[in-house]
$ cat start-v2.txt   # compact mmCIF, C-alpha atoms and all ligand atoms
# COMPACT_ATOMS: atom_id res chain seq x y z
CA MET A 60 44.18 -21.93 51.12
CA TRP A 61 41.55 -21.55 53.93
CA VAL A 62 41.44 -25.30 54.32
CA GLN A 63 45.21 -25.47 54.89
CA VAL A 64 45.09 -22.65 57.45
CA LEU A 65 42.29 -24.35 59.38
CA PHE A 66 44.12 -27.64 59.40
CA VAL A 67 47.40 -26.07 60.71
CA CYS A 68 45.46 -24.19 63.38
CA GLY A 69 43.68 -27.39 64.43
CA CYS A 70 47.01 -29.33 64.76
CA THR A 71 48.67 -26.50 66.70
CA LEU A 72 45.78 -26.37 69.14
CA PHE A 73 45.88 -30.11 69.71
CA SER A 74 49.68 -30.09 70.27
CA TRP A 75 49.27 -27.33 72.83
CA ASN A 76 46.68 -29.42 74.71
CA LEU A 77 49.06 -32.35 74.85
CA ALA A 78 51.84 -30.23 76.33
CA GLU A 79 49.55 -28.71 78.98
CA ASN A 80 48.20 -32.04 80.22
CA GLN A 81 51.33 -34.21 80.17
CA GLY A 82 49.95 -36.85 77.83
CA SER A 83 51.47 -40.32 77.14
CA PHE A 84 51.62 -42.27 73.90
CA THR A 85 50.94 -46.04 73.51
CA GLN A 86 50.69 -48.42 70.58
CA ARG A 87 48.54 -51.59 70.19
CA GLN A 88 46.85 -53.82 67.69
CA ASP A 89 43.04 -53.74 67.33
CA ASP A 90 40.68 -56.67 66.74
CA LYS A 91 41.32 -56.59 63.02
CA GLY A 92 45.10 -56.69 63.47
CA GLN A 93 45.60 -53.09 62.50
CA CYS A 94 48.07 -50.89 64.37
CA GLN A 95 46.40 -48.34 66.71
CA TYR A 96 48.09 -45.32 68.37
CA ILE A 97 46.60 -43.94 71.57
CA PHE A 98 47.30 -40.69 73.42
CA SER A 99 46.47 -40.78 77.13
CA VAL A 100 46.15 -37.48 79.00
CA SER A 101 45.52 -37.32 82.70
CA SER A 102 43.11 -34.60 83.63
CA PRO A 103 43.19 -32.77 86.94
CA GLU A 104 39.44 -32.26 86.84
CA GLY A 105 38.19 -35.68 86.11
CA SER A 106 37.38 -37.74 83.13
CA SER A 107 34.24 -35.80 82.32
CA HIS A 108 36.37 -33.07 80.76
CA CYS A 109 38.74 -35.31 78.89
CA PRO A 110 39.27 -34.19 75.38
CA GLY A 111 38.30 -36.59 72.73
CA GLY A 112 41.84 -37.62 71.66
CA LEU A 113 41.84 -39.42 68.32
CA THR A 114 38.06 -39.24 68.22
CA GLU A 115 38.33 -35.45 68.33
CA ILE A 116 40.96 -35.55 65.54
CA ASP A 117 38.63 -37.71 63.53
CA GLY A 118 35.87 -35.18 64.17
CA LEU A 119 38.10 -32.32 63.12
CA LEU A 120 39.21 -34.16 60.02
CA SER A 121 35.61 -34.93 59.16
CA ARG A 122 34.66 -31.31 59.59
CA LEU A 123 37.70 -30.19 57.57
CA THR A 124 36.73 -32.61 54.81
CA LEU A 125 33.24 -31.22 54.91
CA LEU A 126 34.59 -27.66 54.76
CA GLU A 127 36.83 -28.63 51.88
CA ALA A 128 33.83 -29.96 50.02
CA LEU A 129 31.83 -26.85 50.73
CA VAL A 130 34.68 -24.53 49.66
CA SER A 131 35.21 -26.63 46.60
CA ARG A 132 31.53 -26.31 45.69
CA LEU A 133 31.59 -22.61 46.35
CA VAL A 134 34.56 -22.02 44.03
CA GLY A 135 32.85 -24.08 41.36
CA GLY A 136 34.59 -27.41 41.87
CA THR A 137 32.19 -30.31 41.58
CA ASP A 138 29.23 -28.09 40.46
CA GLY A 139 31.24 -26.41 37.71
CA GLU A 140 29.63 -28.57 35.08
CA ALA A 141 26.08 -27.87 36.33
CA LYS A 142 26.42 -24.10 35.82
CA PRO A 143 26.23 -24.17 32.00
CA ASP A 144 23.28 -26.52 32.32
CA ARG A 145 21.44 -24.01 34.47
CA GLU A 146 22.22 -21.20 32.09
CA ARG A 147 21.04 -23.29 29.19
CA SER A 148 17.79 -24.20 30.88
CA LEU A 149 17.22 -20.55 31.85
CA GLN A 150 17.86 -19.50 28.25
CA GLU A 151 15.39 -22.12 27.02
CA ALA A 152 12.75 -20.94 29.47
CA TYR A 153 13.32 -17.31 28.43
CA THR A 154 13.04 -18.24 24.75
CA GLN A 155 9.82 -20.11 25.44
CA VAL A 156 8.28 -17.21 27.39
CA THR A 157 9.32 -14.74 24.68
CA GLY A 158 7.76 -16.94 22.02
CA GLU A 159 4.51 -17.19 23.96
CA ARG A 160 4.46 -13.42 24.43
CA ASP A 161 4.95 -12.85 20.68
CA GLN A 162 2.20 -15.35 19.92
CA LEU A 163 -0.16 -13.53 22.28
CA GLN A 164 0.61 -10.21 20.62
CA GLN A 165 -0.15 -11.73 17.23
CA ASP A 166 -3.42 -13.11 18.57
CA ILE A 167 -4.35 -9.66 19.93
CA GLU A 168 -3.61 -8.02 16.57
CA ARG A 169 -5.59 -10.66 14.71
CA LEU A 170 -8.57 -10.33 17.04
CA THR A 171 -8.44 -6.52 16.85
CA LYS A 172 -8.61 -6.72 13.07
CA GLN A 173 -11.53 -9.14 13.30
CA ILE A 174 -13.36 -6.74 15.59
CA GLN A 175 -12.76 -3.84 13.19
CA GLU A 176 -13.96 -5.92 10.27
CA LEU A 177 -17.10 -6.91 12.18
CA GLN A 178 -17.75 -3.28 13.11
CA ARG A 179 -17.35 -2.28 9.47
CA ARG A 180 -19.78 -5.00 8.36
CA LEU A 181 -22.24 -3.99 11.01
CA SER A 182 -22.05 -0.36 9.87
CA LYS A 183 -22.56 -1.39 6.26
CA THR A 184 -25.49 -3.64 7.09
CA SER A 185 -27.11 -0.88 9.14
CA LEU A 186 -26.85 1.48 6.17
CA GLU A 187 -28.35 -1.12 3.86
CA VAL A 188 -31.23 -1.70 6.24
CA GLU A 189 -31.77 2.04 6.54
CA SER A 190 -31.75 2.39 2.76
CA LEU A 191 -34.28 -0.43 2.38
CA ARG A 192 -36.44 1.03 5.11
CA LEU A 193 -36.72 4.27 3.13
CA LYS A 194 -37.80 2.35 0.07
CA PRO A 195 -41.55 2.56 -0.57
CA CYS A 196 -43.21 -0.70 0.49
CA GLN A 197 -45.14 -2.68 -2.11
CA PRO A 198 -48.79 -3.48 -1.24
CA HIS A 199 -48.89 -6.73 0.64
CA THR A 200 -50.77 -9.60 -1.00
CA GLY A 201 -50.16 -12.26 1.61
CA HIS A 202 -52.60 -14.74 3.11
CA SER A 203 -52.90 -13.48 6.63
CA PRO A 204 -56.42 -14.06 8.01
CA ASN A 205 -56.18 -10.68 9.79
CA THR A 206 -55.61 -8.63 6.63
CA GLY A 207 -56.72 -5.05 7.23
CA SER A 208 -55.87 -4.87 10.89
CA GLU A 209 -53.08 -2.49 11.95
CA ASN A 210 -51.33 -5.27 13.77
CA SER A 211 -51.05 -7.59 10.82
CA LEU A 212 -49.93 -4.79 8.46
CA SER A 213 -47.06 -3.93 10.72
CA THR A 214 -46.01 -7.57 11.01
CA ASP A 215 -46.23 -8.06 7.25
CA ALA A 216 -44.20 -4.94 6.60
CA TYR A 217 -41.56 -6.22 8.95
CA GLN A 218 -41.44 -9.61 7.21
CA GLU A 219 -41.21 -7.95 3.83
CA MET A 220 -38.32 -5.79 4.93
CA ARG A 221 -36.54 -8.76 6.41
CA ALA A 222 -36.96 -10.69 3.17
CA GLU A 223 -35.53 -7.78 1.19
CA VAL A 224 -32.55 -7.57 3.48
CA THR A 225 -31.70 -11.19 2.86
CA GLU A 226 -32.10 -10.74 -0.86
CA VAL A 227 -29.74 -7.77 -1.29
CA PRO A 228 -27.50 -8.91 -4.15
CA ALA A 229 -23.73 -8.55 -3.85
CA SER A 230 -23.74 -6.34 -6.94
CA HIS A 231 -25.88 -3.81 -5.07
CA LEU A 232 -22.73 -2.44 -3.55
CA LEU A 233 -20.62 -0.84 -6.23
CA PRO A 234 -17.09 -2.20 -6.58
CA GLU A 235 -14.30 -0.46 -4.70
CA ARG A 236 -11.58 -0.81 -7.29
CA ASN A 237 -11.65 -2.60 -10.59
CA GLN A 238 -12.16 -1.90 -14.30
CA THR A 239 -15.76 -0.80 -13.79
CA LEU A 240 -14.90 2.10 -11.50
CA ASN A 241 -16.19 4.71 -13.93
CA LYS A 242 -19.55 3.00 -14.19
CA GLY A 243 -22.46 3.71 -11.99
CA CYS A 244 -23.15 6.39 -9.46
CA GLY A 245 -24.26 6.09 -5.92
CA GLU A 246 -24.52 7.59 -2.50
CA LEU A 247 -21.46 7.68 -0.28
CA VAL A 248 -21.80 5.24 2.59
CA THR A 249 -18.28 4.53 3.82
CA VAL A 250 -14.94 6.34 3.91
CA GLU A 251 -12.16 3.91 4.75
CA GLU A 252 -9.02 4.61 6.78
CA PRO A 253 -6.61 7.18 5.27
CA VAL A 254 -3.57 5.79 3.46
CA SER A 255 -0.41 7.93 3.58
CA HIS A 256 1.63 8.32 0.40
CA LYS A 257 4.01 11.18 1.07
CA LYS A 258 5.04 13.70 3.69
CA ALA A 259 6.04 17.22 2.58
CA GLU A 260 9.70 18.09 3.00
CA SER A 261 9.37 21.68 4.24
CA ILE A 262 7.04 24.21 5.88
CA THR A 263 5.64 25.20 2.46
CA GLY A 264 3.95 21.81 2.46
CA LYS A 265 1.92 22.19 5.66
CA TYR A 266 -1.05 22.48 3.35
CA GLY A 267 -1.46 22.09 -0.39
CA VAL A 268 -3.14 20.31 -3.26
CA TRP A 269 -2.36 16.93 -4.78
CA LEU A 270 -4.41 15.05 -7.36
CA GLN A 271 -4.48 12.70 -10.29
CA ASP A 272 -6.43 13.53 -13.44
CA PRO A 273 -9.44 11.17 -13.64
CA GLU A 274 -9.83 11.82 -17.38
CA PRO A 275 -6.45 12.81 -18.83
CA GLN A 276 -6.13 13.95 -22.43
CA GLY A 277 -3.16 13.75 -24.78
CA SER A 278 -0.28 11.33 -24.56
CA LEU A 279 2.02 13.31 -22.28
CA TYR A 280 0.24 12.63 -19.00
CA THR A 281 -1.87 9.71 -17.83
CA THR A 282 -4.15 8.74 -14.98
CA ASN A 283 -0.97 7.68 -13.18
CA THR A 284 0.55 11.17 -13.27
CA VAL A 285 0.48 12.83 -9.86
CA TRP A 286 0.15 16.62 -9.55
CA ARG A 287 1.18 18.56 -6.48
CA ILE A 288 1.29 22.14 -5.23
CA ASP A 289 2.69 23.20 -1.86
CA ALA A 290 0.26 26.01 -1.07
CA VAL A 291 2.00 27.87 1.78
CA GLY A 292 3.39 31.18 0.52
CA LYS A 293 2.40 34.47 -1.09
CA ASP A 294 3.38 33.65 -4.63
CA VAL A 295 2.58 30.01 -5.21
CA ARG A 296 3.24 29.07 -8.83
CA GLN A 297 5.14 25.80 -8.91
CA LEU A 298 3.18 22.76 -10.07
CA PHE A 299 5.07 19.50 -9.65
CA ALA A 300 4.38 16.53 -11.92
CA TYR A 301 5.36 12.97 -10.94
CA GLU A 302 5.34 10.06 -13.33
CA ASP A 303 3.36 7.84 -10.98
CA MET A 304 2.51 7.23 -7.35
CA ASN A 305 5.76 5.40 -6.76
CA GLN A 306 7.91 8.30 -7.97
CA PHE A 307 5.66 10.63 -6.02
CA SER A 308 6.22 8.71 -2.80
CA ARG A 309 9.96 8.73 -3.45
CA GLY A 310 9.89 12.49 -4.05
CA PHE A 311 11.22 12.45 -7.64
CA PRO A 312 9.24 14.84 -9.87
CA MET A 313 9.46 14.38 -13.61
CA LYS A 314 8.74 18.05 -14.25
CA VAL A 315 8.06 21.36 -12.52
CA LEU A 316 5.61 23.67 -14.31
CA GLN A 317 5.65 27.40 -13.65
CA LEU A 318 2.09 28.76 -13.53
CA PRO A 319 1.43 32.17 -15.15
CA GLU A 320 -0.58 33.46 -12.18
CA PRO A 321 -0.19 32.73 -8.47
CA VAL A 322 -2.51 30.19 -6.86
CA GLU A 323 -4.92 31.01 -4.02
CA SER A 324 -5.27 28.40 -1.27
CA THR A 325 -6.09 24.69 -1.77
CA GLY A 326 -9.12 24.64 -4.06
CA ALA A 327 -7.41 23.75 -7.34
CA THR A 328 -8.21 20.65 -9.38
CA VAL A 329 -7.09 18.69 -12.46
CA TYR A 330 -9.52 17.60 -15.18
CA ARG A 331 -9.19 16.52 -18.81
CA GLY A 332 -5.62 17.70 -19.24
CA SER A 333 -6.15 21.10 -17.62
CA PHE A 334 -5.24 22.50 -14.24
CA TYR A 335 -8.04 24.68 -12.85
CA TYR A 336 -7.36 27.12 -10.05
CA GLN A 337 -8.35 30.40 -8.42
CA ARG A 338 -6.00 33.29 -9.08
CA ARG A 339 -4.67 34.81 -5.87
CA GLN A 340 -6.81 37.58 -4.31
CA SER A 341 -9.49 37.34 -6.97
CA ARG A 342 -12.62 35.44 -7.94
CA THR A 343 -11.01 34.58 -11.27
CA ILE A 344 -10.90 30.94 -12.27
CA ILE A 345 -8.00 30.00 -14.53
CA ARG A 346 -7.80 27.08 -16.90
CA TYR A 347 -4.17 26.12 -17.54
CA ASP A 348 -3.43 23.56 -20.24
CA LEU A 349 -0.92 21.02 -18.94
CA THR A 350 0.34 19.89 -22.34
CA SER A 351 0.98 23.30 -23.90
CA GLU A 352 1.84 24.75 -20.48
CA SER A 353 -0.20 27.85 -21.15
CA LEU A 354 -3.19 29.74 -19.79
CA VAL A 355 -6.04 28.96 -22.17
CA ASN A 356 -8.94 30.58 -20.38
CA GLN A 357 -9.92 32.63 -17.37
CA GLN A 358 -13.27 33.74 -16.07
CA ASP A 359 -14.63 35.44 -12.98
CA LEU A 360 -16.96 33.33 -10.89
CA PRO A 361 -19.97 35.68 -10.57
CA HIS A 362 -20.53 37.12 -7.08
CA ALA A 363 -18.17 34.63 -5.50
CA SER A 364 -16.63 35.68 -2.21
CA PHE A 365 -12.85 35.41 -2.09
CA HIS A 366 -9.72 35.99 -0.01
CA GLY A 367 -11.14 35.16 3.38
CA GLN A 368 -14.75 36.37 3.14
CA HIS A 369 -16.36 32.92 3.29
CA PRO A 370 -13.67 30.30 3.77
CA TYR A 371 -14.00 26.82 5.28
CA SER A 372 -13.64 26.60 9.05
CA TRP A 373 -9.85 26.23 8.94
CA GLY A 374 -9.50 29.56 7.14
CA GLY A 375 -6.63 29.62 4.70
CA ARG A 376 -8.61 31.75 2.20
CA THR A 377 -10.43 28.65 1.06
CA ASP A 378 -13.29 30.69 -0.38
CA ILE A 379 -13.45 28.99 -3.77
CA ASP A 380 -13.09 25.20 -3.90
CA LEU A 381 -13.07 23.57 -7.32
CA ALA A 382 -14.14 19.95 -7.62
CA VAL A 383 -14.54 17.24 -10.23
CA ASP A 384 -16.82 14.22 -10.26
CA GLU A 385 -18.53 11.86 -12.75
CA GLN A 386 -20.65 14.75 -14.01
CA GLY A 387 -17.93 17.34 -14.61
CA LEU A 388 -16.39 20.45 -13.10
CA TRP A 389 -17.88 22.23 -10.07
CA ALA A 390 -17.21 25.30 -7.94
CA ILE A 391 -18.07 25.26 -4.22
CA TYR A 392 -18.15 28.75 -2.70
CA SER A 393 -20.45 31.36 -1.19
CA THR A 394 -21.77 34.81 -2.00
CA ASP A 395 -22.97 37.80 -0.02
CA GLU A 396 -26.47 37.11 -1.31
CA ALA A 397 -26.32 33.59 0.09
CA LYS A 398 -25.04 35.05 3.39
CA GLY A 399 -22.28 32.51 3.78
CA ALA A 400 -24.30 29.44 2.78
CA ILE A 401 -22.57 27.08 0.39
CA VAL A 402 -23.35 27.72 -3.28
CA ILE A 403 -22.63 25.03 -5.85
CA SER A 404 -22.10 25.92 -9.51
CA LYS A 405 -21.65 23.58 -12.43
CA LEU A 406 -18.96 25.04 -14.72
CA ASP A 407 -18.35 24.50 -18.38
CA PRO A 408 -14.82 23.00 -18.39
CA GLU A 409 -13.93 24.77 -21.63
CA SER A 410 -15.38 28.26 -21.22
CA LEU A 411 -15.59 28.29 -17.40
CA GLU A 412 -19.11 29.75 -17.71
CA VAL A 413 -21.60 28.85 -14.98
CA ARG A 414 -24.17 26.39 -16.34
CA GLN A 415 -26.32 26.12 -13.23
CA SER A 416 -26.17 27.02 -9.56
CA TRP A 417 -27.69 25.65 -6.36
CA GLU A 418 -27.85 27.23 -2.93
CA THR A 419 -27.65 24.92 0.07
CA ASN A 420 -28.69 25.57 3.63
CA ILE A 421 -25.34 24.83 5.26
CA ARG A 422 -22.92 27.64 6.11
CA LYS A 423 -19.50 27.33 4.54
CA LYS A 424 -17.64 28.47 7.65
CA THR A 425 -19.18 25.70 9.74
CA VAL A 426 -17.56 22.90 7.73
CA ALA A 427 -13.94 21.93 7.15
CA ASN A 428 -14.07 21.02 3.46
CA ALA A 429 -16.32 19.69 0.72
CA PHE A 430 -16.26 17.53 -2.40
CA MET A 431 -18.65 16.30 -5.08
CA ILE A 432 -19.60 12.69 -5.90
CA CYS A 433 -22.15 11.92 -8.64
CA GLY A 434 -23.60 15.43 -8.51
CA CYS A 435 -23.89 15.41 -4.72
CA LEU A 436 -22.03 17.73 -2.39
CA TYR A 437 -20.58 16.24 0.80
CA THR A 438 -19.14 18.32 3.65
CA VAL A 439 -16.55 17.31 6.27
CA ALA A 440 -17.47 18.42 9.78
CA SER A 441 -13.99 19.04 11.23
CA TYR A 442 -10.45 19.43 9.90
CA THR A 443 -8.75 18.68 13.25
CA ALA A 444 -10.82 16.04 15.07
CA PRO A 445 -9.19 12.64 14.51
CA ASN A 446 -12.62 11.03 14.37
CA THR A 447 -15.11 13.29 12.65
CA THR A 448 -17.90 12.78 10.09
CA ILE A 449 -19.15 13.66 6.66
CA ASN A 450 -22.06 15.56 8.14
CA TYR A 451 -24.16 16.85 5.22
CA MET A 452 -24.98 16.01 1.63
CA PHE A 453 -26.80 17.99 -1.01
CA ASP A 454 -28.17 16.37 -4.15
CA THR A 455 -28.18 18.75 -7.13
CA SER A 456 -30.55 16.42 -9.01
CA THR A 457 -33.29 16.97 -6.43
CA ASN A 458 -32.17 20.34 -5.06
CA ALA A 459 -32.40 18.89 -1.55
CA GLY A 460 -29.99 18.38 1.29
CA LYS A 461 -29.94 16.21 4.38
CA ALA A 462 -27.78 15.55 7.43
CA VAL A 463 -25.64 12.44 7.29
CA ALA A 464 -23.06 10.91 9.66
CA ILE A 465 -20.39 9.02 7.76
CA PRO A 466 -17.26 8.45 9.87
CA PHE A 467 -14.17 10.27 8.57
CA LYS A 468 -10.66 10.38 10.04
CA ASN A 469 -8.25 13.30 10.15
CA LYS A 470 -5.23 11.17 10.98
CA TYR A 471 -2.80 14.11 11.18
CA ARG A 472 -5.32 16.59 12.59
CA TYR A 473 -5.05 19.43 10.06
CA ASN A 474 -6.88 18.51 6.91
CA SER A 475 -6.65 21.37 4.44
CA MET A 476 -7.86 19.76 1.20
CA VAL A 477 -10.30 16.98 0.33
CA ASP A 478 -11.26 16.10 -3.24
CA TYR A 479 -12.80 13.16 -5.04
CA ASN A 480 -11.28 11.19 -7.93
CA HIS A 481 -14.02 9.22 -9.69
CA ALA A 482 -11.60 7.16 -11.82
CA LEU A 483 -9.99 5.73 -8.70
CA ARG A 484 -13.07 6.09 -6.48
CA LYS A 485 -10.93 7.67 -3.80
CA LEU A 486 -10.70 10.88 -1.84
CA PHE A 487 -7.40 12.75 -2.05
CA ALA A 488 -6.52 14.85 0.99
CA TRP A 489 -3.67 16.96 2.38
CA ASP A 490 -3.54 16.47 6.11
CA ASN A 491 -0.83 18.41 7.99
CA PHE A 492 2.13 17.84 5.62
CA ASN A 493 0.79 14.40 4.73
CA MET A 494 -0.73 13.45 1.39
CA VAL A 495 -3.31 10.75 1.93
CA THR A 496 -6.09 8.91 0.10
CA TYR A 497 -9.28 7.30 1.35
CA ASP A 498 -11.04 4.39 -0.34
CA LEU A 499 -14.80 4.83 -0.63
CA ARG A 500 -17.89 2.70 -0.84
CA LEU A 501 -20.99 3.91 -2.65
CA LEU A 502 -24.49 2.53 -2.48
CA GLU A 503 -26.99 2.76 -5.31
CA ARG A 504 -29.61 5.23 -4.36
CA SER A 505 -32.89 3.48 -3.83
CA SER A 506 -35.05 6.39 -2.80
CA GLN A 507 -35.41 10.10 -3.21
CA ILE A 508 -33.59 12.25 -0.76
CA THR A 509 -35.70 14.47 1.36
CA SER A 510 -34.63 17.64 3.12
CA CA B 1 -12.39 20.25 -1.70
$ encode --input "start-v2.txt" --output "structure tokens" --more "lines below"
Ligand code: CA
Amino acid sequence: MWVQVLFVCGCTLFSWNLAENQGSFTQRQDDKGQCQYIFSVSSPEGSSHCPGGLTEIDGLLSRLTLLEALVSRLVGGTDGEAKPDRERSLQEAYTQVTGERDQLQQDIERLTKQIQELQRRLSKTSLEVESLRLKPCQPHTGHSPNTGSENSLSTDAYQEMRAEVTEVPASHLLPERNQTLNKGCGELVTVEEPVSHKKAESITGKYGVWLQDPEPQGSLYTTNTVWRIDAVGKDVRQLFAYEDMNQFSRGFPMKVLQLPEPVESTGATVYRGSFYYQRRQSRTIIRYDLTSESLVNQQDLPHASFHGQHPYSWGGRTDIDLAVDEQGLWAIYSTDEAKGAIVISKLDPESLEVRQSWETNIRKKTVANAFMICGCLYTVASYTAPNTTINYMFDTSTNAGKAVAIPFKNKYRYNSMVDYNHALRKLFAWDNFNMVTYDLRLLERSSQITS
């Protein structure tokens, strides 16, 4: 349309010029025998201002042709076919860039994992070296010409230690998970990242207890059965049983048991077919048989503080914490006589009588939780810090404690229960509505622990 308008305007203008200047029209043949039409216009101001005649028309036509081409290109005429090509090439470039970005992200993830694995190995190696360093050195019988001098002894000791490091057998580290899990005891060296299995459905599950029986009895329940109590509330009596971890994660209990007495806090445990717990607002320990669903025994824990006198640092009336390990049933608590320091008692699982007690030198209120492994108490430093430590261990076989620093993660920042399962070699924990487990690594103890 614009081309036509321009052309009409151009013709009108030229016709007007002809009328104004009294032009004449002649016809002749050119050198090639073609017919040529010439307009002659006499100008009053000299030939220097003479309009271009046919030459000007040719110029206008050329310019109109050029404009036509440009308009045609603008409305997608001749370049119409190139547009899809451009879009296609842009799409290909975008796809290529996206692919490279994804590849880079994968590389970053892979390298991050490699770094974490290297850090874990480094940590493990450091612990092994530390363990070997504590080992008493054998008298050196080498052939150094300087035997007897301080210098040569120190060099020899170093060489001996280095040789021992290279000779640590793979079996020195106890297996993490296989058929031999129940065999062998050792010192805790590593707590792995927490693995989440379930999140509680309501506020009653902000804190609680969940466990699997490491040594089940009878045919009704197995090591796969999962036990759970949501511990928020004044009259906590419901004990949920799940067939296995899968049903537990899906939230489908196979049974709900009604306990005869209400439960206090998060210190309960499951052992050899019985559920052991502290009766609310008392120092009474109850043994509840899971098969007969009846209270079979109850016993006061002598002098034990209860109901908020000596809880863990997070409160929650966690005065009496029951625990199970390879050696049996334990109670972790405090007494007025111990002035808040943690007392450990070995309990008879049948009668609930105290067999033996130990008093540690760590205050119960200063730690977040505790558990037993192979007769050793371990305490968690904080229940809220995402990166905290197992900060103390007490060995009942030597009656001695020591500070340790084993990294431990509170992923959800409110860890209200931590207990050990020796059949699975895992820690079970209840962290802010979330039920999690931690894989562990133990190291055979190579030296006596000193306080
Ligand atoms: Ca505990």
$ residues_near_ligand --input "start-v2.txt" --ligand "ligand CA 1 (chain B)" --cutoff "6 Å" --atoms "only C-alpha atoms and all ligand atoms" --output "ChimeraX atom specification"
/A:326,380,428-430,476-478
$ atom_distance --input "start-v2.txt" --atom1 "CA of Asp498 in chain A" --atom2 "CA of Val322 in chain A"
27.9 Å
$ closest_residue --input "start-v2.txt" --among "A:Arg296, A:Arg422, A:Arg331, A:Lys468" --to "Gln271 in chain A" --atoms "only C-alpha atoms"
A:Arg331
$ residues_around --input "start-v2.txt" --residues "Cys435 in chain A" --least-positions-apart "6" --cutoff "10 Å" --atoms "all atoms listed in the file" --output "JSON, numbers by chain"
{"A": [245, 246, 247, 384, 386, 403, 452, 453, 454, 455, 456, 457, 458, 459, 460]}
$ atom_distance --input "start-v2.txt" --atom1 "CA of Asn493 in chain A" --atom2 "CA of Thr282 in chain A"
21.1 Å
$ residues_around --input "start-v2.txt" --residues "range 297-302 of chain A" --least-positions-apart "3" --cutoff "6 Å" --atoms "all atoms listed in the file" --output "PyMOL selection string"
chain A and resi 284-288+307+312-317
$ residues_near_point --input "start-v2.txt" --point "(-25.1, 14.5, 8.7)" --cutoff "8 Å" --atoms "only C-alpha atoms" --output "ChimeraX atom specification"
/A:448-452,461-465
$ residues_around --input "start-v2.txt" --residues "Pro466 in chain A" --least-positions-apart "3" --cutoff "12 Å" --atoms "all atoms listed in the file" --output "PyMOL selection string"
chain A and resi 179+182-183+247-253+438-441+444-451+463+469+497+499
$ residues_around --input "start-v2.txt" --residues "Ser364 in chain A" --least-positions-apart "4" --cutoff "6 Å" --atoms "all atoms listed in the file" --output "list in words"
Gln368, Ser393 and Thr394 of chain A
$ residues_around --input "start-v2.txt" --residues "range 264-268 of chain A" --least-positions-apart "5" --cutoff "9 Å" --atoms "only C-alpha atoms" --output "ChimeraX atom specification"
/A:258-259,286-291,324-328,473-477,487-494
$ atom_distance --input "start-v2.txt" --atom1 "CA of His369 in chain A" --atom2 "CA of Asp395 in chain A"
8.9 Å
$ axis_aligned_box --input "start-v2.txt" --around "range 420-423 of chain A" --padding-each-side "8 Å" --output "JSON"
{"center_x": -24.1, "center_y": 26.2, "center_z": 4.9, "size_x": 25.2, "size_y": 18.8, "size_z": 18.5}
$ closest_residue --input "start-v2.txt" --among "A:Gly243, A:Pro408, A:Pro370, A:Gly292" --to "Trp389 in chain A" --atoms "all atoms listed in the file"
A:Pro408
$ decode --input "start-v2.txt" --residues "range 272-280 of chain A" --atoms "N, CA, C and O atoms" --output "PDB file, in the first residue's frame"
ATOM      1  N   ASP A 272      13.378 -53.315  68.656  1.00  0.00           N
ATOM      2  CA  ASP A 272      13.927 -54.196  69.689  1.00  0.00           C
ATOM      3  C   ASP A 272      15.157 -54.917  69.128  1.00  0.00           C
ATOM      4  O   ASP A 272      15.058 -55.667  68.159  1.00  0.00           O
ATOM      5  N   PRO A 273      16.339 -54.721  69.739  1.00  0.00           N
ATOM      6  CA  PRO A 273      17.534 -55.392  69.213  1.00  0.00           C
ATOM      7  C   PRO A 273      17.531 -56.900  69.478  1.00  0.00           C
ATOM      8  O   PRO A 273      18.217 -57.643  68.797  1.00  0.00           O
ATOM      9  N   GLU A 274      16.778 -57.320  70.486  1.00  0.00           N
ATOM     10  CA  GLU A 274      16.738 -58.749  70.827  1.00  0.00           C
ATOM     11  C   GLU A 274      15.299 -59.169  71.130  1.00  0.00           C
ATOM     12  O   GLU A 274      14.957 -59.447  72.284  1.00  0.00           O
ATOM     13  N   PRO A 275      14.448 -59.199  70.110  1.00  0.00           N
ATOM     14  CA  PRO A 275      13.034 -59.514  70.367  1.00  0.00           C
ATOM     15  C   PRO A 275      12.859 -60.955  70.839  1.00  0.00           C
ATOM     16  O   PRO A 275      13.680 -61.826  70.543  1.00  0.00           O
ATOM     17  N   GLN A 276      11.776 -61.177  71.564  1.00  0.00           N
ATOM     18  CA  GLN A 276      11.450 -62.529  72.025  1.00  0.00           C
ATOM     19  C   GLN A 276      10.013 -62.850  71.611  1.00  0.00           C
ATOM     20  O   GLN A 276       9.183 -61.958  71.486  1.00  0.00           O
ATOM     21  N   GLY A 277       9.750 -64.160  71.429  1.00  0.00           N
ATOM     22  CA  GLY A 277       8.419 -64.552  70.977  1.00  0.00           C
ATOM     23  C   GLY A 277       8.311 -64.412  69.467  1.00  0.00           C
ATOM     24  O   GLY A 277       9.237 -63.927  68.807  1.00  0.00           O
ATOM     25  N   SER A 278       7.179 -64.849  68.941  1.00  0.00           N
ATOM     26  CA  SER A 278       7.016 -64.856  67.487  1.00  0.00           C
ATOM     27  C   SER A 278       6.161 -63.699  66.986  1.00  0.00           C
ATOM     28  O   SER A 278       6.034 -63.481  65.787  1.00  0.00           O
ATOM     29  N   LEU A 279       5.591 -62.940  67.917  1.00  0.00           N
ATOM     30  CA  LEU A 279       4.671 -61.883  67.498  1.00  0.00           C
ATOM     31  C   LEU A 279       5.393 -60.688  66.883  1.00  0.00           C
ATOM     32  O   LEU A 279       4.970 -60.132  65.879  1.00  0.00           O
ATOM     33  N   TYR A 280       6.504 -60.310  67.490  1.00  0.00           N
ATOM     34  CA  TYR A 280       7.253 -59.151  67.010  1.00  0.00           C
ATOM     35  C   TYR A 280       8.695 -59.556  66.697  1.00  0.00           C
ATOM     36  O   TYR A 280       9.233 -60.490  67.293  1.00  0.00           O
TER      37      TYR A 280
END
